[in-house]
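**Student:** Please see the structure below; I have some questions.
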Amino acid sequence: MEATESYDDEYELQQDIDDIYCEAQYREATPEFRAAHGIWVSWDGSNFQVQPGIRKLTDEDRVAEEQARQERESNVIRHTTPEIPADAYPATLVKAMSAERTLAVQAELAGRPDVSVALLTWTLCLSMFDRSYGKRSEPLKASVSSNQYHLASLAPSGEEGKALTALKAQKEALQATLPENWHLDFTWLLSWSAEQVNTLLGFCAAHGINGIQERMYNHTQKSELDGLEAALDFDLRKWWQPDAESYFGKLTIPQIGKAYEEAGLSARAGEIVKLKRRDAAKAAEQDLNAQGWLPDWMVRTSPAAEAEEATETDAHTTDHAA
């Protein structure tokens with residue numbers, strides 16, 4: 001290339017070299033190869049592009065390709081959009097009539113508690129029990145979210161707690177009573193007795209209870225469980241008792257002494273406050289659990305205390321008004 005005198009000479013020499021390479025490649029192709037192959041010529045807007053060595057399709061190739069295409073089509077599941085009559089009407093009218101229809105269904109359902117309770121129970125079950133997936137309609141927009149994992153991560157008893165163990169056992173027992181494909185329809189509940197349905201409904205509803213108390217602006221929120229516990233005549237001792245590691249060990253010595261006083265063990269309290277905190281916590285677990293003591297802020301307020309608090313509030317309000 002360096003020996004050329006002009007660019008034209010250089011281009012001519014390069015073309016000769018390209019022709020030599022092209023002829024060499026062509027000579028390498030056997031007559032059989034050339035008979036079975038051709039070239040593809042295309043125009044890119046400024047130049048022709050030539051692609052040699054393109055295999056020609058034979059009749060056998062075309063037959064095989066057609067068979068493969070038919071096999072692919074036979075394996076394809078075709079979905080067609082169903083025709084919806086309402087599409088022929090204005091959207092505003094359809095929306096208004098669907099609202100009217102919904103109100104009518106609600107009114108009818110309100111007079112059929114057997115159906116409404118079954119529907120509610122089934123809807124809540126969808127979010128509580130293991131199920132497979134399938135096409136279904138869900139006319140009732142209600143749900144309950146289980147917060148067991150979150151509660152277990154917060155509660156000292158964790159996964160081994162008495163309450164969580166009981167809930168898991170009950171879930172397994174109820175899961176075994178559900179019929180096959182129960183999640184596709186709710187009408188199977190109509191054949192259940194009221195007691196069976198109420199048991200299932202009560203289990204699902206229980207998982208939506210949330211009594212976690214947060215502290216906002218240095219003030220702990222009031223527990224939302226008091227009224228429910230009163231209705232249940234609930235006794236926390238049935239499910240939990242304070243122990244040295246998870247409760248008493250988190251208190252100060254004066255707080256442990258106060259717990260003894262609340263349990264009516266004032267004399268013993270004087271001895272406990274002289275101990276190291278670890279020893280005081282172990283002693284408290286034994287002594288106070290024997291008395292059935294519970295932290296006052298973990299049990300519901302008694303009716304008498306609530307009445308007294310309400311009276312004090314009214315008096316305080318009256319003083320300010322005066």
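In the structure tokens, each chain is lettered A, B, ... as it comes, each chain's residues begin at 1, and ligands are numbered from 1 in order of appearance.
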Can you pull out every residue within 9 Å of stretch 192-202 of chain A, counting only C-alpha atoms, but drop anything in the same chain fewer than 2 positions away, and send it as a list in words?
**Tutor:**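 The contact residues come out as Asp114, Val117, Ala118, Leu120, Thr121, Trp122, Leu124, Cys125, Leu174, Trp188, Leu189, Leu190, Cys204, Ala205, Ala206 and His207 of chain A.
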**Student:** Applying 10 Å and only C-alpha atoms, which residues near stretch 286-292 of chain A remain after dropping the ones on its own chain fewer than 4 positions away? List them as JSON, numbers by chain.
**Tutor:** {"A": [237, 241, 242, 243, 244, 256, 259, 260, 262, 263, 264, 265, 268, 281, 282]}
**Student:** Kindly save the residues from that selection, with N, CA and C atoms included, as a compact mmCIF listing (two decimals), in the first residue's frame.
**Tutor:**
```txt
# COMPACT_ATOMS: atom_id res chain seq x y z
N ARG A 237 -53.39 -14.79 82.95
CA ARG A 237 -52.60 -15.83 83.64
C ARG A 237 -52.73 -17.19 82.96
N GLN A 241 -47.25 -15.81 82.20
CA GLN A 241 -46.84 -15.34 83.52
C GLN A 241 -45.46 -14.72 83.39
N PRO A 242 -45.18 -13.68 84.15
CA PRO A 242 -43.87 -13.03 84.05
C PRO A 242 -42.76 -13.92 84.58
N ASP A 243 -41.63 -13.90 83.90
CA ASP A 243 -40.48 -14.68 84.37
C ASP A 243 -39.28 -13.77 84.55
N ALA A 244 -38.23 -14.34 85.09
CA ALA A 244 -37.05 -13.55 85.43
C ALA A 244 -36.35 -13.01 84.19
N ILE A 256 -39.16 -3.78 91.03
CA ILE A 256 -39.42 -5.14 91.54
C ILE A 256 -39.99 -5.05 92.96
N ALA A 259 -43.58 -4.21 92.85
CA ALA A 259 -44.40 -5.36 92.45
C ALA A 259 -44.72 -6.22 93.67
N TYR A 260 -43.75 -6.39 94.56
CA TYR A 260 -43.99 -7.15 95.79
C TYR A 260 -45.05 -6.46 96.63
N GLU A 262 -47.46 -4.50 95.60
CA GLU A 262 -48.76 -4.67 94.94
C GLU A 262 -49.33 -6.06 95.19
N ALA A 263 -48.45 -7.04 95.36
CA ALA A 263 -48.89 -8.41 95.60
C ALA A 263 -49.18 -8.66 97.08
N GLY A 264 -49.03 -7.62 97.91
CA GLY A 264 -49.29 -7.78 99.34
C GLY A 264 -48.13 -8.38 100.09
N LEU A 265 -46.92 -8.28 99.57
CA LEU A 265 -45.73 -8.84 100.20
C LEU A 265 -44.76 -7.73 100.58
N ARG A 268 -41.54 -8.77 102.47
CA ARG A 268 -40.59 -9.43 101.59
C ARG A 268 -39.95 -8.42 100.64
N ALA A 281 -34.72 -10.71 90.45
CA ALA A 281 -35.61 -11.13 89.37
C ALA A 281 -35.99 -12.60 89.51
N LYS A 282 -35.03 -13.44 89.86
CA LYS A 282 -35.32 -14.86 90.05
C LYS A 282 -36.27 -15.07 91.22
```
**Student:** Going by DSSP on the backbone, which residues of stretch 189-278 of chain A come out as strand (DSSP E)? List them as JSON, numbers by chain.
**Tutor:** {"A": [215, 216, 219, 220]}
**Student:** Which polymer residues have any atom within 12 Å of an atom of stretch 225-231 of chain A, counting only C-alpha atoms, with same-chain residues fewer than 5 positions away left out, as a PyMOL selection string?
**Tutor:** chain A and resi 206+209-213+236+297-303+306
**Student:** How many Å lie between atom CA of A:Ile17 and atom CA of A:Glu32, rounded to one decimal?
**Tutor:** 26.8 Å
**Student:** Rounded to one decimal in Å, what is the spacing between atom CA of A:Gln170 and atom CA of A:Ser116?
**Tutor:**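 Computing the Euclidean distance for atom CA of A:Gln170 and atom CA of A:Ser116 yields 24.0 Å.
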**Student:** Write down as a PyMOL selection string the residues of stretch 136-243 of chain A whose backbone DSSP state falls under helix (DSSP H, G or I).
**Tutor:** chain A and resi 148-154+158-160+162-175+182-184+187-191+194-206+226-232+236-238
**Student:** For each of A:Trp43, A:Phe234, A:Trp182, A:Trp239, take the minimum atom-to-atom distance to A:Gly134, counting only C-alpha atoms, then give the residue where this is smallest.
**Tutor:**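 Using only C-alpha atoms, the shortest distance to A:Gly134 belongs to A:Trp182.
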**Student:** Using only C-alpha atoms, can you tell me which of A:Lys258, A:Asn181, A:Ser153, A:Tyr133 comes closest to A:Asp296?
**Tutor:** A:Lys258
**Student:** Here is a test: counting only C-alpha atoms, which residue of A:Glu285, A:Asp61, A:Glu159, A:Asp44 is nearest to A:Tyr247?
**Tutor:**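 Of all the options, A:Glu285 lies closest to A:Tyr247.
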